[in-house]
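Okay, run.txt is below, compact mmCIF, N, CA and C atoms:
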```txt
# COMPACT_ATOMS: atom_id res chain seq x y z
N MET A 128 -31.30 51.81 -1.65
CA MET A 128 -31.68 51.54 -0.28
C MET A 128 -33.01 52.22 0.02
N ALA A 129 -33.71 51.69 0.99
CA ALA A 129 -35.00 52.24 1.36
C ALA A 129 -34.83 53.61 2.01
N ARG A 130 -35.81 54.45 1.82
CA ARG A 130 -35.72 55.81 2.35
C ARG A 130 -35.81 55.86 3.87
N ASN A 131 -36.53 54.94 4.47
CA ASN A 131 -36.74 54.98 5.92
C ASN A 131 -35.68 54.16 6.67
N GLU A 132 -34.65 53.71 5.99
CA GLU A 132 -33.60 52.94 6.63
C GLU A 132 -32.76 53.85 7.54
N SER A 133 -32.34 53.33 8.68
CA SER A 133 -31.60 54.15 9.63
C SER A 133 -30.20 54.46 9.12
N CYS A 134 -29.64 55.51 9.64
CA CYS A 134 -28.31 55.94 9.23
C CYS A 134 -27.26 54.90 9.62
N LEU A 135 -27.42 54.29 10.78
CA LEU A 135 -26.47 53.29 11.22
C LEU A 135 -26.45 52.08 10.29
N ALA A 136 -27.61 51.69 9.81
CA ALA A 136 -27.68 50.56 8.88
C ALA A 136 -27.02 50.91 7.55
N ARG A 137 -27.18 52.13 7.10
CA ARG A 137 -26.53 52.56 5.85
C ARG A 137 -25.01 52.59 5.99
N VAL A 138 -24.52 53.09 7.12
CA VAL A 138 -23.08 53.14 7.35
C VAL A 138 -22.53 51.72 7.45
N GLY A 139 -23.24 50.85 8.15
CA GLY A 139 -22.81 49.45 8.26
C GLY A 139 -22.78 48.75 6.92
N ALA A 140 -23.81 48.97 6.11
CA ALA A 140 -23.85 48.37 4.78
C ALA A 140 -22.73 48.90 3.90
N GLY A 141 -22.45 50.19 4.00
CA GLY A 141 -21.36 50.77 3.23
C GLY A 141 -20.01 50.19 3.64
N ALA A 142 -19.81 50.00 4.94
CA ALA A 142 -18.55 49.42 5.42
C ALA A 142 -18.40 47.97 4.98
N VAL A 143 -19.49 47.21 5.01
CA VAL A 143 -19.42 45.81 4.60
C VAL A 143 -19.15 45.69 3.09
N ILE A 144 -19.83 46.48 2.31
CA ILE A 144 -19.60 46.45 0.86
C ILE A 144 -18.18 46.93 0.54
N GLY A 145 -17.74 47.97 1.21
CA GLY A 145 -16.37 48.44 1.02
C GLY A 145 -15.34 47.39 1.41
N GLY A 146 -15.60 46.68 2.50
CA GLY A 146 -14.69 45.63 2.92
C GLY A 146 -14.62 44.49 1.92
N ALA A 147 -15.77 44.14 1.34
CA ALA A 147 -15.79 43.06 0.36
C ALA A 147 -15.06 43.46 -0.91
N VAL A 148 -15.33 44.65 -1.39
CA VAL A 148 -14.66 45.12 -2.62
C VAL A 148 -13.16 45.32 -2.36
N GLY A 149 -12.83 45.92 -1.23
CA GLY A 149 -11.42 46.12 -0.89
C GLY A 149 -10.67 44.81 -0.70
N GLY A 150 -11.33 43.82 -0.13
CA GLY A 150 -10.69 42.51 0.04
C GLY A 150 -10.43 41.84 -1.29
N ALA A 151 -11.38 41.94 -2.20
CA ALA A 151 -11.19 41.32 -3.52
C ALA A 151 -10.06 42.01 -4.28
N VAL A 152 -10.04 43.32 -4.24
CA VAL A 152 -8.97 44.06 -4.93
C VAL A 152 -7.63 43.79 -4.25
N GLY A 153 -7.62 43.75 -2.92
CA GLY A 153 -6.38 43.47 -2.20
C GLY A 153 -5.84 42.09 -2.47
N ALA A 154 -6.72 41.11 -2.61
CA ALA A 154 -6.26 39.75 -2.92
C ALA A 154 -5.63 39.69 -4.31
N CYS A 155 -6.26 40.35 -5.26
CA CYS A 155 -5.69 40.37 -6.62
C CYS A 155 -4.36 41.11 -6.64
N TYR A 156 -4.31 42.25 -6.00
CA TYR A 156 -3.08 43.04 -5.97
C TYR A 156 -1.98 42.32 -5.20
N GLY A 157 -2.33 41.72 -4.06
CA GLY A 157 -1.34 41.00 -3.26
C GLY A 157 -0.77 39.81 -3.99
N THR A 158 -1.61 39.09 -4.72
CA THR A 158 -1.12 37.96 -5.50
C THR A 158 -0.18 38.43 -6.60
N PHE A 159 -0.56 39.49 -7.28
CA PHE A 159 0.30 40.04 -8.33
C PHE A 159 1.65 40.47 -7.77
N GLU A 160 1.64 41.20 -6.66
CA GLU A 160 2.88 41.69 -6.08
C GLU A 160 3.74 40.55 -5.52
N ALA A 161 3.11 39.53 -4.96
CA ALA A 161 3.88 38.41 -4.41
C ALA A 161 4.66 37.68 -5.50
N PHE A 162 4.03 37.51 -6.66
CA PHE A 162 4.73 36.85 -7.75
C PHE A 162 5.69 37.80 -8.46
N ARG A 163 5.36 39.06 -8.49
CA ARG A 163 6.22 40.04 -9.16
C ARG A 163 7.56 40.17 -8.44
N TYR A 164 7.51 40.25 -7.10
CA TYR A 164 8.73 40.42 -6.33
C TYR A 164 9.34 39.09 -5.89
N ARG A 165 8.78 37.99 -6.37
CA ARG A 165 9.30 36.65 -6.11
C ARG A 165 9.49 36.38 -4.63
N ILE A 166 8.43 36.60 -3.86
CA ILE A 166 8.45 36.33 -2.43
C ILE A 166 8.49 34.81 -2.24
N PRO A 167 9.40 34.30 -1.42
CA PRO A 167 9.58 32.86 -1.33
C PRO A 167 8.52 32.14 -0.50
N GLY A 168 8.23 30.92 -0.90
CA GLY A 168 7.46 29.94 -0.15
C GLY A 168 6.17 30.42 0.49
N LEU A 169 6.03 30.07 1.77
CA LEU A 169 4.80 30.38 2.49
C LEU A 169 4.67 31.86 2.84
N LEU A 170 5.72 32.62 2.64
CA LEU A 170 5.61 34.07 2.86
C LEU A 170 4.66 34.71 1.85
N LYS A 171 4.45 34.04 0.71
CA LYS A 171 3.47 34.54 -0.27
C LYS A 171 2.09 34.59 0.35
N ILE A 172 1.72 33.52 1.06
CA ILE A 172 0.39 33.45 1.69
C ILE A 172 0.24 34.56 2.73
N ARG A 173 1.29 34.77 3.51
CA ARG A 173 1.25 35.82 4.52
C ARG A 173 1.13 37.21 3.87
N TYR A 174 1.88 37.44 2.82
CA TYR A 174 1.86 38.73 2.13
C TYR A 174 0.49 38.98 1.50
N ILE A 175 -0.06 37.96 0.85
CA ILE A 175 -1.38 38.11 0.23
C ILE A 175 -2.43 38.38 1.30
N GLY A 176 -2.35 37.68 2.42
CA GLY A 176 -3.30 37.91 3.52
C GLY A 176 -3.21 39.30 4.09
N GLN A 177 -1.99 39.78 4.30
CA GLN A 177 -1.81 41.13 4.84
C GLN A 177 -2.35 42.18 3.87
N THR A 178 -2.09 41.99 2.60
CA THR A 178 -2.57 42.94 1.60
C THR A 178 -4.10 42.92 1.53
N THR A 179 -4.67 41.73 1.60
CA THR A 179 -6.13 41.60 1.53
C THR A 179 -6.80 42.27 2.72
N VAL A 180 -6.32 41.97 3.92
CA VAL A 180 -6.94 42.54 5.13
C VAL A 180 -6.73 44.05 5.19
N GLY A 181 -5.55 44.51 4.85
CA GLY A 181 -5.29 45.95 4.87
C GLY A 181 -6.14 46.71 3.88
N SER A 182 -6.26 46.19 2.69
CA SER A 182 -7.06 46.84 1.67
C SER A 182 -8.55 46.83 2.05
N ALA A 183 -9.01 45.71 2.59
CA ALA A 183 -10.41 45.63 3.00
C ALA A 183 -10.72 46.61 4.13
N ALA A 184 -9.81 46.72 5.08
CA ALA A 184 -10.04 47.63 6.20
C ALA A 184 -10.07 49.09 5.75
N ILE A 185 -9.13 49.48 4.94
CA ILE A 185 -9.07 50.88 4.50
C ILE A 185 -10.26 51.24 3.62
N PHE A 186 -10.58 50.37 2.65
CA PHE A 186 -11.67 50.68 1.75
C PHE A 186 -13.01 50.64 2.49
N GLY A 187 -13.17 49.70 3.41
CA GLY A 187 -14.38 49.66 4.22
C GLY A 187 -14.55 50.89 5.09
N LEU A 188 -13.44 51.36 5.65
CA LEU A 188 -13.48 52.58 6.47
C LEU A 188 -13.92 53.78 5.65
N PHE A 189 -13.33 53.93 4.47
CA PHE A 189 -13.66 55.09 3.65
C PHE A 189 -15.08 55.02 3.09
N LEU A 190 -15.53 53.84 2.71
CA LEU A 190 -16.89 53.74 2.19
C LEU A 190 -17.91 53.93 3.32
N GLY A 191 -17.58 53.44 4.52
CA GLY A 191 -18.45 53.69 5.67
C GLY A 191 -18.51 55.16 6.03
N ALA A 192 -17.36 55.84 5.98
CA ALA A 192 -17.32 57.28 6.28
C ALA A 192 -18.08 58.06 5.22
N GLY A 193 -17.95 57.66 3.97
CA GLY A 193 -18.70 58.32 2.91
C GLY A 193 -20.20 58.13 3.06
N SER A 194 -20.60 56.95 3.51
CA SER A 194 -22.02 56.71 3.77
C SER A 194 -22.51 57.57 4.93
N LEU A 195 -21.66 57.76 5.93
CA LEU A 195 -22.05 58.59 7.07
C LEU A 195 -22.20 60.05 6.65
N ILE A 196 -21.31 60.54 5.83
CA ILE A 196 -21.41 61.92 5.34
C ILE A 196 -22.65 62.09 4.47
N HIS A 197 -22.91 61.09 3.66
CA HIS A 197 -24.03 61.15 2.73
C HIS A 197 -25.37 60.88 3.40
N CYS A 198 -25.34 60.39 4.62
CA CYS A 198 -26.54 59.94 5.31
C CYS A 198 -27.54 61.07 5.59
N GLY A 199 -27.05 62.23 5.94
CA GLY A 199 -27.95 63.31 6.31
C GLY A 199 -28.60 64.03 5.16
N LYS A 200 -28.16 63.79 3.95
CA LYS A 200 -28.69 64.51 2.80
C LYS A 200 -29.96 63.83 2.29
N SER A 201 -30.91 64.64 1.93
CA SER A 201 -32.13 64.08 1.31
C SER A 201 -32.30 64.76 -0.06
N TYR A 202 -32.64 63.96 -1.04
CA TYR A 202 -32.75 64.46 -2.41
C TYR A 202 -34.17 64.43 -2.88
```
For this file, write the structure as structure tokens.
Amino acid sequence: MARNESCLARVGAGAVIGGAVGGAVGACYGTFEAFRYRIPGLLKIRYIGQTTVGSAAIFGLFLGAGSLIHCGKSY
């Protein structure tokens, strides 16, 4: 990232990247768990969606918080 970029932009970018990575991992994990536990019918879609959104939210939050902590440091 550019050195003169604002802290808010870095935190936002970290949250977006974290959400994307967390969503991808959550979708893979949710699909695996739905088939592993033999969740019936359309409940699979609901379970995969819940896992995807939950994972994206948590990972985005933590990556955004990490970007905020890291924002004030200059190397």
Tell me which of A:Cys134, A:Ala154, A:Ala192, A:Ala140 sits closest to A:Thr179, counting all atoms listed in the file. A:Ala154
Using all atoms listed in the file, which of the listed residues (A:Ile175, A:Ala184, A:Leu169, A:Ala161) sits closest to A:Ala147? A:Ala184
So that I can see what lies close to A:Val152, please list as a list of chain:residue names the residues with an atom at most 10 Å from it, counting only C-alpha atoms and leaving out residues fewer than 3 positions away in the same chain. A:Gly146, A:Ala147, A:Val148, A:Gly149, A:Cys155, A:Tyr156, A:Gly157, A:Thr158, A:Thr178, A:Thr179, A:Ser182, A:Ala183, A:Phe186
Rounded to one decimal, what separation in Å do you get between atom CA of A:Gly191 and atom C of A:Gln177?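 According to the coordinates, atom CA of A:Gly191 and atom C of A:Gln177 are separated by 19.9 Å.
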When DSSP is applied to the backbone of this structure, which of stretch 151-200 of chain A are assigned alpha helix (DSSP H)? Write them out as a PyMOL selection string. chain A and resi 151-163+170-198
Counting all atoms listed in the file, select every polymer residue within 7 Å of (-16.1, 52.8, 4.7) as defined in the file's coordinates, and provide the selection as number ranges by chain. A: 141-143, 145-146, 185-194
To one decimal place, how far is atom N of A:Gly168 from atom C of A:Gly153 in Å?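 Taking atom N of A:Gly168 and atom C of A:Gly153, their separation equals 18.0 Å.
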Atom CA of A:Gly150 to atom CA of A:His197: how many Å, to one decimal?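 Computing it gives 23.1 Å between the two atoms.
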